[in-house]
Every structure is written in C-alpha cells, then in structure tokens.
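Dropping model-v1.txt in here (compact mmCIF, C-alpha atoms):
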```
# COMPACT_ATOMS: atom_id res chain seq x y z
CA MET A 15 -6.90 16.53 25.69
CA THR A 16 -8.89 18.72 28.00
CA GLY A 17 -12.40 19.91 27.51
CA GLU A 18 -15.20 18.21 25.67
CA TYR A 19 -14.95 17.69 21.95
CA ASN A 20 -18.14 18.21 19.99
CA TYR A 21 -18.56 15.83 17.07
CA LYS A 22 -18.42 18.21 14.17
CA TYR A 23 -19.62 16.02 11.29
CA LEU A 24 -23.26 17.01 11.67
CA SER A 25 -24.95 19.79 9.77
CA GLN A 26 -28.53 20.97 9.66
CA GLU A 27 -27.83 22.07 6.11
CA ALA A 28 -27.13 18.49 5.02
CA PRO A 29 -27.67 17.02 2.53
CA VAL A 30 -27.97 20.21 0.51
CA ALA A 31 -24.64 21.35 1.92
CA LYS A 32 -21.97 18.65 1.91
CA ILE A 33 -20.22 17.64 5.10
CA ASN A 34 -16.47 17.76 4.45
CA TYR A 35 -14.51 14.70 5.58
CA SER A 36 -11.10 15.61 4.16
CA TYR A 37 -8.00 16.17 6.25
CA SER A 38 -9.52 15.26 9.58
CA ALA A 39 -7.37 15.70 12.69
CA PHE A 40 -6.51 12.78 14.95
CA LEU A 41 -7.98 13.09 18.44
CA GLY A 42 -7.80 9.56 19.77
CA ASN A 43 -10.55 8.02 21.86
CA THR A 44 -12.04 11.45 22.59
CA PHE A 45 -13.20 11.56 18.99
CA LEU A 46 -14.75 8.10 19.02
CA GLU A 47 -16.58 8.92 22.23
CA ALA A 48 -17.94 12.10 20.65
CA TRP A 49 -19.06 10.18 17.58
CA GLU A 50 -20.91 7.57 19.65
CA LYS A 51 -22.41 10.28 21.83
CA SER A 52 -23.80 11.97 18.70
CA ARG A 53 -25.68 8.76 17.94
CA GLN A 54 -26.82 8.07 21.51
CA GLU A 55 -28.22 11.58 21.82
CA VAL A 56 -30.46 10.98 18.81
CA LEU A 57 -31.38 7.46 19.94
CA ALA A 58 -32.52 8.83 23.29
CA GLN A 59 -35.02 11.07 21.58
CA LEU A 60 -36.55 8.58 19.19
CA SER A 61 -39.97 7.10 19.71
CA THR A 62 -40.08 3.64 21.28
CA ASP A 63 -43.24 2.72 19.40
CA GLN A 64 -42.57 -0.74 17.95
CA ASN A 65 -45.61 -0.72 15.67
CA ALA A 66 -44.02 1.43 13.04
CA ALA A 67 -44.21 0.91 9.32
CA LYS A 68 -41.98 2.00 6.50
CA THR A 69 -43.05 5.08 4.60
CA THR A 70 -45.35 4.29 1.73
CA SER A 71 -44.09 6.22 -1.24
CA GLU A 72 -44.39 6.39 -4.98
CA LEU A 73 -40.87 7.74 -5.30
CA PRO A 74 -38.85 5.53 -7.66
CA SER A 75 -35.88 5.38 -5.28
CA ALA A 76 -38.13 4.15 -2.47
CA GLY A 77 -39.36 1.26 -4.56
CA LEU A 78 -35.87 0.42 -5.75
CA PHE A 79 -34.34 0.43 -2.27
CA GLN A 80 -37.14 -1.67 -0.81
CA GLU A 81 -36.78 -4.20 -3.61
CA TRP A 82 -33.04 -4.43 -3.04
CA LEU A 83 -33.54 -4.89 0.71
CA LEU A 84 -35.90 -7.77 0.08
CA GLN A 85 -33.43 -9.36 -2.32
CA LEU A 86 -30.51 -8.91 0.07
CA ASN A 87 -32.49 -10.40 2.93
CA SER A 88 -33.42 -13.40 0.80
CA ASN A 89 -29.90 -13.80 -0.66
CA THR A 90 -31.20 -13.25 -4.18
CA PHE A 91 -29.57 -9.88 -4.79
CA LYS A 92 -27.53 -9.72 -7.97
CA GLN A 93 -27.37 -6.04 -8.89
CA TRP A 94 -24.01 -5.35 -7.34
CA GLU A 95 -22.88 -3.20 -10.26
CA PHE A 96 -25.81 -0.84 -9.74
CA LEU A 97 -25.50 -0.76 -5.96
CA GLU A 98 -21.79 0.04 -6.29
CA LEU A 99 -22.62 2.76 -8.79
CA LEU A 100 -25.19 4.23 -6.42
CA LEU A 101 -22.58 4.10 -3.67
CA LYS A 102 -20.16 6.02 -5.87
CA ARG A 103 -22.80 8.62 -6.68
CA PHE A 104 -23.58 9.07 -3.01
CA GLU A 105 -19.92 9.41 -2.08
CA VAL A 106 -19.47 12.10 -4.73
CA THR A 107 -22.69 14.04 -4.08
CA LYS A 108 -23.42 13.11 -0.44
CA ARG A 109 -27.06 12.98 -1.48
CA ILE A 110 -29.77 10.41 -2.17
CA TYR A 111 -32.21 11.51 -4.84
CA ASP A 112 -35.88 10.76 -5.24
CA GLU A 113 -35.22 9.43 -8.72
CA TYR A 114 -32.28 8.35 -10.85
CA ASP A 115 -31.73 7.60 -14.53
CA GLU A 116 -30.24 4.31 -15.73
CA ASN A 117 -26.72 5.55 -14.91
CA PHE A 118 -27.78 6.56 -11.40
CA ARG A 119 -27.50 10.21 -12.21
CA CYS A 120 -30.23 12.26 -10.60
CA GLU A 121 -33.18 13.39 -12.61
CA ASP A 122 -33.55 16.59 -10.54
CA LYS A 123 -30.77 17.93 -8.33
CA SER A 124 -33.23 19.68 -6.04
CA ARG A 125 -34.98 16.47 -5.06
CA CYS A 126 -32.62 15.16 -2.39
CA ASN A 127 -34.54 15.95 0.78
CA SER A 128 -36.72 12.89 1.23
CA ILE A 129 -34.96 11.97 4.46
CA PHE A 130 -36.70 8.63 4.81
CA LEU A 131 -34.79 7.53 1.69
CA TYR A 132 -31.58 8.01 3.64
CA VAL A 133 -32.93 5.59 6.25
CA ARG A 134 -33.60 3.04 3.49
CA PHE A 135 -30.13 3.57 2.04
CA ALA A 136 -28.56 3.20 5.48
CA GLU A 137 -30.43 -0.09 5.89
CA LEU A 138 -28.97 -1.29 2.60
CA LEU A 139 -25.45 -0.25 3.54
CA LEU A 140 -25.62 -1.82 6.98
CA LEU A 141 -26.95 -5.09 5.62
CA VAL A 142 -24.31 -5.29 2.90
CA TYR A 143 -21.51 -4.51 5.33
CA GLN A 144 -22.75 -7.05 7.85
CA ASN A 145 -22.82 -9.71 5.13
CA THR A 146 -19.62 -8.88 3.28
CA LYS A 147 -17.42 -6.74 5.56
CA ARG A 148 -16.68 -4.55 2.54
CA LEU A 149 -15.44 -1.28 4.02
CA PRO A 150 -16.77 1.13 1.34
CA PHE A 151 -20.27 0.27 2.57
CA LEU A 152 -19.40 0.94 6.21
CA ASN A 153 -17.72 4.18 5.24
CA ALA A 154 -20.83 5.36 3.43
CA LEU A 155 -23.10 4.16 6.26
CA ILE A 156 -21.33 6.43 8.76
CA LYS A 157 -21.69 9.36 6.38
CA VAL A 158 -25.39 8.65 5.80
CA ASN A 159 -25.92 8.41 9.54
CA ASP A 160 -24.24 11.80 9.94
CA ILE A 161 -26.97 13.18 7.69
CA LEU A 162 -29.67 11.28 9.56
CA CYS A 163 -28.43 12.50 12.94
CA SER A 164 -28.35 16.03 11.55
CA ARG A 165 -31.92 15.88 10.24
CA TRP A 166 -33.64 13.30 12.48
CA VAL A 167 -36.37 15.78 13.46
CA ASP A 168 -37.53 15.66 9.84
CA ILE A 169 -38.07 11.91 9.97
CA ASP A 170 -41.62 10.75 10.54
CA GLN A 171 -42.18 8.98 13.84
CA SER A 172 -43.26 5.87 11.93
CA GLU A 173 -39.65 5.52 10.75
CA HIS A 174 -38.01 5.89 14.15
CA VAL A 175 -37.70 2.17 14.77
CA PHE A 176 -35.77 1.80 11.50
CA LEU A 177 -33.56 4.80 12.27
CA LYS A 178 -32.85 3.27 15.63
CA GLN A 179 -31.80 0.03 13.94
CA VAL A 180 -29.32 1.71 11.60
CA LEU A 181 -27.79 3.85 14.33
CA GLN A 182 -27.46 0.99 16.78
CA GLY A 183 -26.22 -1.23 13.96
CA GLU A 184 -23.55 1.32 13.05
CA ILE A 185 -22.30 1.53 16.63
CA GLU A 186 -22.19 -2.23 16.88
CA VAL A 187 -20.23 -2.82 13.68
CA VAL A 188 -17.78 0.02 14.31
CA ARG A 189 -17.04 -1.17 17.85
CA SER A 190 -16.78 -4.74 16.58
CA LEU A 191 -14.21 -3.65 13.98
CA GLU A 192 -12.35 -1.72 16.64
CA ALA A 193 -12.21 -4.79 18.88
CA LYS A 194 -11.07 -7.02 16.01
CA LEU A 195 -8.21 -4.67 15.17
CA LYS A 196 -7.08 -4.56 18.78
CA THR A 197 -6.71 -8.34 18.92
CA LYS A 198 -4.44 -8.61 15.86
CA MET B 14 15.23 6.86 -21.81
CA LYS B 15 13.87 10.37 -21.26
CA LEU B 16 11.79 10.97 -18.15
CA LEU B 17 9.69 14.08 -17.64
CA LEU B 18 8.59 14.98 -14.11
CA LEU B 19 5.26 16.78 -14.45
CA ALA B 20 4.87 18.30 -11.02
CA GLY B 21 3.09 20.80 -8.89
CA ASN B 22 4.61 22.34 -5.79
CA THR B 23 3.86 19.44 -3.48
CA PHE B 24 5.61 17.17 -1.01
CA ARG B 25 5.21 14.28 -3.41
CA ALA B 26 6.87 16.18 -6.24
CA ARG B 27 9.82 16.96 -3.96
CA CYS B 28 10.14 13.31 -3.00
CA TYR B 29 9.98 12.20 -6.63
CA ALA B 30 12.57 14.80 -7.66
CA GLN B 31 15.04 13.59 -5.05
CA GLN B 32 14.50 9.96 -6.05
CA LEU B 33 15.09 10.81 -9.70
CA VAL B 34 18.38 12.45 -8.76
CA ARG B 35 19.40 9.17 -7.09
CA LEU B 36 18.98 7.46 -10.45
CA THR B 37 21.86 9.45 -11.92
CA GLY B 38 24.16 6.99 -13.64
CA GLU B 39 21.32 4.88 -15.00
CA GLN B 40 20.58 5.26 -18.69
CA ILE B 41 18.13 8.06 -18.24
CA GLU B 42 17.73 11.74 -18.98
CA VAL B 43 15.50 13.64 -16.57
CA VAL B 44 13.74 16.93 -17.26
CA GLY B 45 11.16 18.80 -15.25
CA LEU B 46 7.90 20.53 -16.12
CA PHE B 47 6.76 22.38 -13.03
CA TYR B 48 3.44 24.14 -12.99
CA GLY B 49 1.47 26.40 -10.73
CA PHE B 50 4.28 27.16 -8.31
CA GLY B 51 3.30 30.80 -8.27
CA HIS B 52 -0.36 30.03 -7.57
CA ARG B 53 -0.07 27.64 -4.67
CA ASN B 54 1.46 28.14 -1.25
CA ALA B 55 4.64 26.13 -0.84
CA PRO B 56 3.95 23.33 1.63
CA ASN B 57 6.07 23.18 4.75
CA ALA B 58 6.67 20.02 6.74
CA GLU B 59 7.47 20.22 10.42
CA GLU B 60 10.37 18.19 11.68
CA ASP B 61 9.25 14.66 12.50
CA ILE B 62 12.10 12.63 13.92
CA GLN B 63 9.88 9.64 14.68
CA SER B 64 8.67 9.32 11.09
CA GLU B 65 12.13 9.89 9.71
CA ARG B 66 13.70 7.33 12.04
CA TYR B 67 11.05 4.72 11.31
CA LEU B 68 11.38 5.00 7.55
CA THR B 69 15.17 4.95 7.71
CA GLN B 70 15.05 1.82 9.85
CA GLN B 71 12.86 0.24 7.17
CA GLY B 72 15.64 0.90 4.65
CA ILE B 73 13.64 3.54 2.80
CA PHE B 74 15.34 6.68 1.50
CA VAL B 75 13.90 9.72 3.24
CA PRO B 76 13.87 12.84 1.03
CA ASN B 77 13.95 16.36 2.44
CA LEU B 78 10.28 17.28 2.33
CA ASN B 79 11.12 20.96 2.42
CA GLU B 80 13.52 21.05 -0.52
CA ASP B 81 11.84 22.71 -3.49
CA ALA B 82 11.94 20.43 -6.55
CA ARG B 83 13.46 23.24 -8.59
CA ILE B 84 16.39 23.41 -6.20
CA THR B 85 16.82 19.64 -6.37
CA PHE B 86 16.94 19.76 -10.13
CA SER B 87 19.27 22.78 -10.21
CA LYS B 88 21.74 21.16 -7.83
CA ASP B 89 22.10 18.22 -10.18
CA ASN B 90 21.97 20.20 -13.39
CA PHE B 91 18.66 18.69 -14.46
CA SER B 92 16.88 21.11 -16.76
CA TYR B 93 13.34 22.16 -16.09
CA SER B 94 10.75 24.62 -17.32
CA GLU B 95 7.95 26.30 -15.46
CA LEU B 96 4.40 27.12 -16.47
CA GLU B 97 2.20 29.57 -14.66
CA THR B 98 -1.05 27.63 -14.85
CA ASP B 99 -2.02 25.40 -11.94
CA ASP B 100 -4.39 23.41 -14.13
CA VAL B 101 -2.71 20.20 -15.25
CA ASN B 102 -5.10 20.00 -18.20
CA ASP B 103 -4.28 23.45 -19.54
CA PRO B 104 -3.29 23.32 -23.23
CA SER B 105 0.07 24.90 -22.40
CA ILE B 106 0.96 21.81 -20.38
CA ILE B 107 -0.13 19.42 -23.11
CA HIS B 108 1.93 21.40 -25.57
CA ALA B 109 4.99 21.44 -23.31
CA ILE B 110 4.82 17.67 -22.83
CA GLU B 111 4.59 17.18 -26.57
CA SER B 112 7.58 19.49 -27.08
CA ASN B 113 9.68 17.60 -24.56
CA ALA B 114 8.72 14.29 -26.16
CA PRO B 115 9.56 12.15 -23.12
CA ASP B 116 9.45 8.38 -23.12
CA ILE B 117 7.66 8.51 -19.77
CA THR B 118 5.95 11.36 -17.94
CA ILE B 119 5.93 10.96 -14.18
CA PHE B 120 2.83 12.58 -12.73
CA ALA B 121 2.90 14.42 -9.40
CA GLY B 122 0.05 16.87 -9.64
CA TYR B 123 -1.89 18.83 -7.07
CA GLY B 124 -4.31 16.91 -4.88
CA GLY B 125 -7.52 15.91 -6.61
CA GLN B 126 -6.30 16.74 -10.10
CA LEU B 127 -7.15 14.20 -12.78
CA LEU B 128 -5.60 13.96 -16.21
CA ARG B 129 -8.24 14.51 -18.87
CA SER B 130 -8.48 12.89 -22.28
CA ALA B 131 -6.21 15.41 -24.02
CA HIS B 132 -3.27 13.78 -22.25
CA PHE B 133 -4.11 10.41 -23.70
CA GLN B 134 -4.60 11.33 -27.35
CA SER B 135 -1.11 10.19 -28.30
CA ASP B 136 0.56 7.05 -26.99
CA ARG B 137 2.45 8.91 -24.29
CA LYS B 138 3.13 6.96 -21.12
CA TYR B 139 2.18 8.56 -17.80
CA LEU B 140 3.60 6.85 -14.75
CA HIS B 141 1.69 7.16 -11.49
CA MET B 142 2.32 5.67 -8.08
CA HIS B 143 -0.94 4.81 -6.30
CA PRO B 144 -0.87 3.99 -2.56
CA GLY B 145 -2.90 0.81 -2.87
CA LYS B 146 -2.77 -2.54 -4.66
CA ILE B 147 -4.58 -2.05 -7.93
CA PRO B 148 -7.28 -3.19 -8.65
CA LEU B 149 -8.02 -4.40 -5.12
CA GLU B 150 -7.45 -1.00 -3.50
CA ARG B 151 -8.48 1.74 -5.91
CA GLY B 152 -9.59 5.24 -5.06
CA SER B 153 -8.91 7.54 -2.14
CA THR B 154 -7.18 7.30 1.25
CA THR B 155 -6.40 3.69 0.51
CA LEU B 156 -3.53 3.31 2.97
CA TYR B 157 -6.02 3.56 5.82
CA TYR B 158 -8.24 0.94 4.27
CA SER B 159 -5.21 -1.35 3.90
CA ILE B 160 -4.67 -1.03 7.64
CA LEU B 161 -8.33 -1.70 8.41
CA ASN B 162 -8.32 -4.74 6.13
CA GLU B 163 -5.18 -5.95 7.95
CA ARG B 164 -3.12 -5.90 4.79
CA ASN B 165 0.35 -4.53 4.19
CA CYS B 166 0.51 -1.14 2.53
CA THR B 167 1.16 -1.53 -1.18
CA VAL B 168 2.09 1.07 -3.76
CA THR B 169 1.30 0.27 -7.38
CA ALA B 170 3.34 1.94 -10.10
CA PHE B 171 1.34 1.90 -13.30
CA TYR B 172 0.95 3.57 -16.66
CA MET B 173 -2.18 5.64 -16.48
CA SER B 174 -5.19 5.48 -18.72
CA GLU B 175 -8.22 7.73 -18.85
CA GLU B 176 -9.90 5.48 -16.32
CA ILE B 177 -9.01 6.33 -12.73
CA ASP B 178 -6.65 3.88 -11.01
CA PHE B 179 -6.56 1.61 -13.99
CA GLY B 180 -3.79 0.91 -16.46
CA GLN B 181 -0.72 -1.25 -17.04
CA ASN B 182 0.78 -2.17 -13.69
CA ILE B 183 4.55 -2.02 -13.56
CA VAL B 184 5.48 -2.73 -9.97
CA TYR B 185 3.76 -3.66 -6.73
CA SER B 186 5.87 -2.51 -3.79
CA GLU B 187 4.83 -3.69 -0.32
CA TYR B 188 5.54 -1.93 2.94
CA ALA B 189 4.85 -2.99 6.49
CA VAL B 190 2.07 -1.10 8.21
CA PRO B 191 3.81 1.72 10.09
CA VAL B 192 3.88 1.94 13.86
CA ALA B 193 1.89 4.44 15.86
CA GLY B 194 3.24 7.95 15.70
CA VAL B 195 4.44 7.80 12.11
CA ASN B 196 2.83 10.56 10.08
CA ILE B 197 0.94 8.75 7.36
CA ASP B 198 -0.54 11.56 5.28
CA VAL B 199 2.61 13.65 4.77
CA TRP B 200 5.61 11.39 5.43
CA PHE B 201 4.70 7.74 4.93
CA ASP B 202 2.42 8.19 1.87
CA ASN B 203 4.72 10.45 -0.11
CA ILE B 204 7.96 8.69 0.76
CA ILE B 205 6.83 5.15 -0.06
CA ARG B 206 5.40 6.38 -3.34
CA ALA B 207 8.73 7.94 -4.20
CA ASP B 208 10.51 4.75 -3.16
CA THR B 209 8.24 2.82 -5.53
CA LEU B 210 9.01 5.29 -8.30
CA HIS B 211 12.68 4.39 -7.92
CA LYS B 212 11.91 0.69 -8.14
CA ALA B 213 9.60 1.18 -11.10
CA ILE B 214 12.19 3.05 -13.16
CA LEU B 215 14.75 0.35 -12.46
CA ALA B 216 12.22 -2.33 -13.42
CA ILE B 217 11.41 -0.53 -16.65
CA LEU B 218 15.10 -0.14 -17.50
CA ASN B 219 15.62 -3.84 -16.82
CA GLY B 220 12.64 -4.78 -18.93
CA SER B 221 11.02 -6.52 -15.97
CA GLY B 222 7.94 -4.35 -15.67
CA LEU B 223 4.29 -5.27 -16.10
CA VAL B 224 2.75 -7.16 -13.23
CA SER B 225 -0.80 -8.12 -12.66
CA ASP B 226 -2.76 -10.39 -10.44
CA GLU B 227 -5.78 -11.54 -12.35
CA ASN B 228 -7.22 -13.14 -9.25
CA LEU B 229 -7.62 -9.80 -7.54
CA LYS B 230 -11.07 -8.41 -7.13
CA SER B 231 -11.63 -4.73 -7.81
CA GLU B 232 -12.75 -2.46 -4.99
CA GLU B 233 -13.07 1.30 -5.06
CA TYR B 234 -12.63 3.32 -1.88
CA TYR B 235 -13.76 6.84 -1.08
CA VAL B 236 -12.51 9.56 1.27
CA ILE B 237 -12.32 7.77 4.58
CA HIS B 238 -14.68 8.84 7.33
CA PRO B 239 -12.80 10.16 10.38
CA VAL B 240 -14.32 7.39 12.53
CA LEU B 241 -12.65 4.74 10.38
CA LYS B 242 -9.46 6.78 10.15
CA HIS B 243 -9.34 6.82 13.93
CA LEU B 244 -9.85 3.06 14.10
CA ALA B 245 -6.94 2.60 11.70
CA LEU B 246 -4.57 4.91 13.57
CA MET B 247 -5.54 3.54 16.98
CA SER B 248 -4.83 0.00 15.76
CA LEU B 249 -1.19 0.71 14.95
CA SER B 250 1.45 -1.10 16.91
CA GLY B 251 2.56 0.88 19.93
CA TYR B 252 -0.48 3.11 20.07
CA GLN B 253 -1.28 4.33 23.55
CA GLU B 254 -4.13 6.62 24.43
```

Target format structure tokens, applied to this file:
Amino acid sequence: MTGEYNYKYLSQEAPVAKINYSYSAFLGNTFLEAWEKSRQEVLAQLSTDQNAAKTTSELPSAGLFQEWLLQLNSNTFKQWEFLELLLKRFEVTKRIYDEYDENFRCEDKSRCNSIFLYVRFAELLLLVYQNTKRLPFLNALIKVNDILCSRWVDIDQSEHVFLKQVLQGEIEVVRSLEAKLKTK
Amino acid sequence: MKLLLLAGNTFRARCYAQQLVRLTGEQIEVVGLFYGFGHRNAPNAEEDIQSERYLTQQGIFVPNLNEDARITFSKDNFSYSELETDDVNDPSIIHAIESNAPDITIFAGYGGQLLRSAHFQSDRKYLHMHPGKIPLERGSTTLYYSILNERNCTVTAFYMSEEIDFGQNIVYSEYAVPVAGVNIDVWFDNIIRADTLHKAILAILNGSGLVSDENLKSEEYYVIHPVLKHLALMSLSGYQE
C-alpha cells in the first residue's frame, strides 16, 4: 500500500470516549509498523530521569494495584478471580476508576482520569502476560497503552520511567509473539 | 423433532437456513421466526473464490451467503413468520416462540445481541454455535485467539443458559486453521458454525449429544486488538507481505 498509514487507535478524548476496536481492516506489516511507531514517538519524548518514584496516592485503586504488583512479583498473588473481573470491567468500559466496589463496579463514573492508574494497570497486565502468556492480558495491555500514548502529556514526569517500561515491554512481547508464530 | 430458526437478517442466519434445508429427510420439522428484516440493511457478500475453494476442499458445505433465509425456506416449503422488531428480547418474540412450541430454538441473532432471562423462564432449549472450544475459549473474536494460541479452530454447539458462553455442550467440531487469504470474519466463521449446526442436529437425533471436557480451564476473551488480529492473520500458512 502506498502512503503512510497513521495508527488510528489513539484518542485525546480517551478514556472518557472509548476507542473502537471492532471490525478493523487488515493492512499487513504497514499496520504493525504504524503501531510500533506510535509507541516509539512517545518513548522518544519521555524523560530519561532514572530517579523516578511511583505516584503516592490515597486512591483505593492505587493501593490495590500496588499491592497486587508486590504479590505478583513475589509469587504470592492469589486473587485471580478479582483481577479477571477487573480485566472484564476494563474491557467493557475501557476505563480504570479511582475506586471500585466489591464487584469491581465503579463508585463514580466520572472518576476515570487518574492516568497514573493506567500505568499501574499496564504494569499488572504486562507482568501477568509475561508470566502466564494468557492472551486476554496482552490484549488489554495494548488497549491500555493506546490510552497512555493518547494522554502521555498528562502523566507526571516522575512516572515516565514506568511508562517507558510498559511501552517497551509491550513492543517486546508483541514482537516475540510474532516471531514465535512465524516459526511454527 | 421441531426446530425453530430464530434469526435476524445476517450471513449466519442464511448459512443456518441452508444447512437446515440439507437435513430434509431426517425426522425433523423446521420453522422460521425471522425478525428485524425491515430494520436492518441486508448484508451483501462479495464473491470470494479463494474462500469458497478452500472450504470446499476441506469438505465443508458452502452456503450462498447472499441468499435471503426467507427465500431458502420458501424454496423448500418451510414455513416461517416475520416480526418487525429487531430486538430479540421483545415480548412479541418470546410469545411467538411459545406459540411455535419448538423442541429446539436455533439462535442466529444480530451481532452483540444477548438473550435475556425471559427466554429462559421455561425449559426451552436454545442451540447456539460458538466459534471457540467452551469453556477454554469463551467470549469474542475467539477464532483469532485460537490461531494465536496455535490451536485448531473449534466450534462448540451448546444449549444456552443465561450465562454467556455457558451451557450443555452438544458437539465440539474442529477445523484446521485456514490458510492466508481466506476471509475469516464473513466466510470461515459463519460457514463452520453452520457446518457444526448440521453435525449437532444429527448428534441430537442420534442421542449422542452432550460432550464436556472437565479438564479444560475457562478463559474469557474480549474484542481482539487489531495488533493481535494482524499477528494472527500474518501467521497463516501462505501469507506473503
């Protein structure tokens, strides 16, 4: 195909407006190159300061995600039912909320713009996929990263090192899956 | 056995209708309940010789995707009724199903439509063909995930319950992953589901239905991201950039 294809799964209105993934056209390697370029363009603009720290927050979701990350990293995580439920909620709403009830339904639909929470969620998804190769987690990771690449300017510089990790991690696992499929 | 085809104006409904016609001679009566035809644009499939040839070579019956289900039924003197609503949960549809009193209702609704609890108040059987091995491959766009997981493509025929992609499994029907160039969304998906419908009805008539694999984990999949869809399609045998 001639001409440059612009990766169209970014939106400055996200996450308030959902990005629509249905009925996507097939464009071959041109599409994959555009997707990777969308990540590299953000990566090139992120701070290289390595002394960053995760956002300190009283938001319930922040505490929950950080606790889960610690448990996953120490192989003590057992709340798969809740993580899978959160995954389902995200896939339906395309949003991460500041707070959830016990059924992972949001307490307030307007509170979905704490973008650093999407970085935390992406970290969770990447870690789970790397450990389990369960595709629903990779699928959601790419969608979360679409939101992060759309709204990266709203992420505090202290979080850039973590955003860099999830974007580079996404590229690595997608290309690794691509290579694995080509050798079958 | 009385079968009711509950169908919208979709490619899948057309495929199911033509498979049901092929069952003429078996001990079945087939009636149709078609809904929403006036509300939705009739889908039109472009000619696709590659997809047609591939499926035929696999020994799979290839329906005419552009033959309206009403015409299929009329040609074979199958009776049908039409309802104006395009909402599968409209009371008029529930009432019409009750009036027909089928042994099995075969569901081929519009994309995204889910049967609500009113359909499950009696002990009616609703047969659905899901393009994934239940419970391992539940949810959406599962054929692509089968390809990415390096599994064959499986269609599960099952009696529905209120829970999505969960019920009494009747038949697992496995199909080789198609080669590059075969249209998966319109041709492969709908035609293998219709092929499985044929097998499921025969299994039910023979009393050999109900399969399960209790060792299978359950995994739910969501609308596939285009990046992963591209990986799946670009991995197909014969793909060239």

Determine which residues of chain A sit within 10 Å of chain B, taking into account all atoms listed in the file, and present them as a ChimeraX atom specification. /A:23,34-46,49-50,98,101-102,105-106,147-157,188-189,191-198

Using Å and a single decimal, report how far atom CA of Asn145 of chain A sits from atom CA of Ser128 of chain A.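 It comes out at 26.8 Å.
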
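Distance annotation: of A:Glu72, A:Leu139, A:Leu84, A:Val158, the residue with the minimal separation from Val187 of chain A is A:Leu139; atom set is only C-alpha atoms.
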
Give me, as a PDB file with C-alpha atoms, in the coordinates of the input, all polymer residues having an atom no more than 9 Å from segment 56-68 of chain A, counting all atoms listed in the file and skipping those fewer than 2 positions away in the same chain.
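Final file, selection08.pdb:
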```
ATOM      1  CA  LYS A  51     -22.410  10.280  21.830  1.00  0.00           C
ATOM      2  CA  SER A  52     -23.800  11.970  18.700  1.00  0.00           C
ATOM      3  CA  ARG A  53     -25.680   8.760  17.940  1.00  0.00           C
ATOM      4  CA  GLN A  54     -26.820   8.070  21.510  1.00  0.00           C
ATOM      5  CA  THR A  70     -45.350   4.290   1.730  1.00  0.00           C
ATOM      6  CA  PHE A 130     -36.700   8.630   4.810  1.00  0.00           C
ATOM      7  CA  ARG A 134     -33.600   3.040   3.490  1.00  0.00           C
ATOM      8  CA  CYS A 163     -28.430  12.500  12.940  1.00  0.00           C
ATOM      9  CA  TRP A 166     -33.640  13.300  12.480  1.00  0.00           C
ATOM     10  CA  GLN A 171     -42.180   8.980  13.840  1.00  0.00           C
ATOM     11  CA  SER A 172     -43.260   5.870  11.930  1.00  0.00           C
ATOM     12  CA  GLU A 173     -39.650   5.520  10.750  1.00  0.00           C
ATOM     13  CA  HIS A 174     -38.010   5.890  14.150  1.00  0.00           C
ATOM     14  CA  VAL A 175     -37.700   2.170  14.770  1.00  0.00           C
ATOM     15  CA  PHE A 176     -35.770   1.800  11.500  1.00  0.00           C
ATOM     16  CA  LEU A 177     -33.560   4.800  12.270  1.00  0.00           C
ATOM     17  CA  LYS A 178     -32.850   3.270  15.630  1.00  0.00           C
ATOM     18  CA  LEU A 181     -27.790   3.850  14.330  1.00  0.00           C
ATOM     19  CA  GLN A 182     -27.460   0.990  16.780  1.00  0.00           C
TER      20      GLN A 182
END
```

Long-range neighbours of Phe179 of chain B as a CSV table (one decimal) with C-alpha atoms, in the frame of the given file, 10 Å cut-off, all atoms listed in the file, 5 positions minimum in chain:
```
chain,number,residue,atom,x,y,z
B,147,ILE,CA,-4.6,-2.0,-7.9
B,148,PRO,CA,-7.3,-3.2,-8.6
B,151,ARG,CA,-8.5,1.7,-5.9
B,171,PHE,CA,1.3,1.9,-13.3
B,172,TYR,CA,1.0,3.6,-16.7
B,173,MET,CA,-2.2,5.6,-16.5
B,174,SER,CA,-5.2,5.5,-18.7
```

Give me the residues near segment 24-38 of chain B as a list in words, where near means some atom within 8 Å (using all atoms listed in the file) and where sequence neighbours in that chain fewer than 3 positions away do not count.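 Skipping anything fewer than 3 positions along the chain leaves Leu18, Ala20, Gly21, Ile41, Val43, Pro56, Pro76, Asn77, Leu78, Asn79, Glu80, Asp81, Ala82, Thr85, Phe86, Asp89, Ala121, Gly122, Val199, Asn203, Ile204, Arg206, Ala207, Asp208, Leu210 and His211 of chain B.
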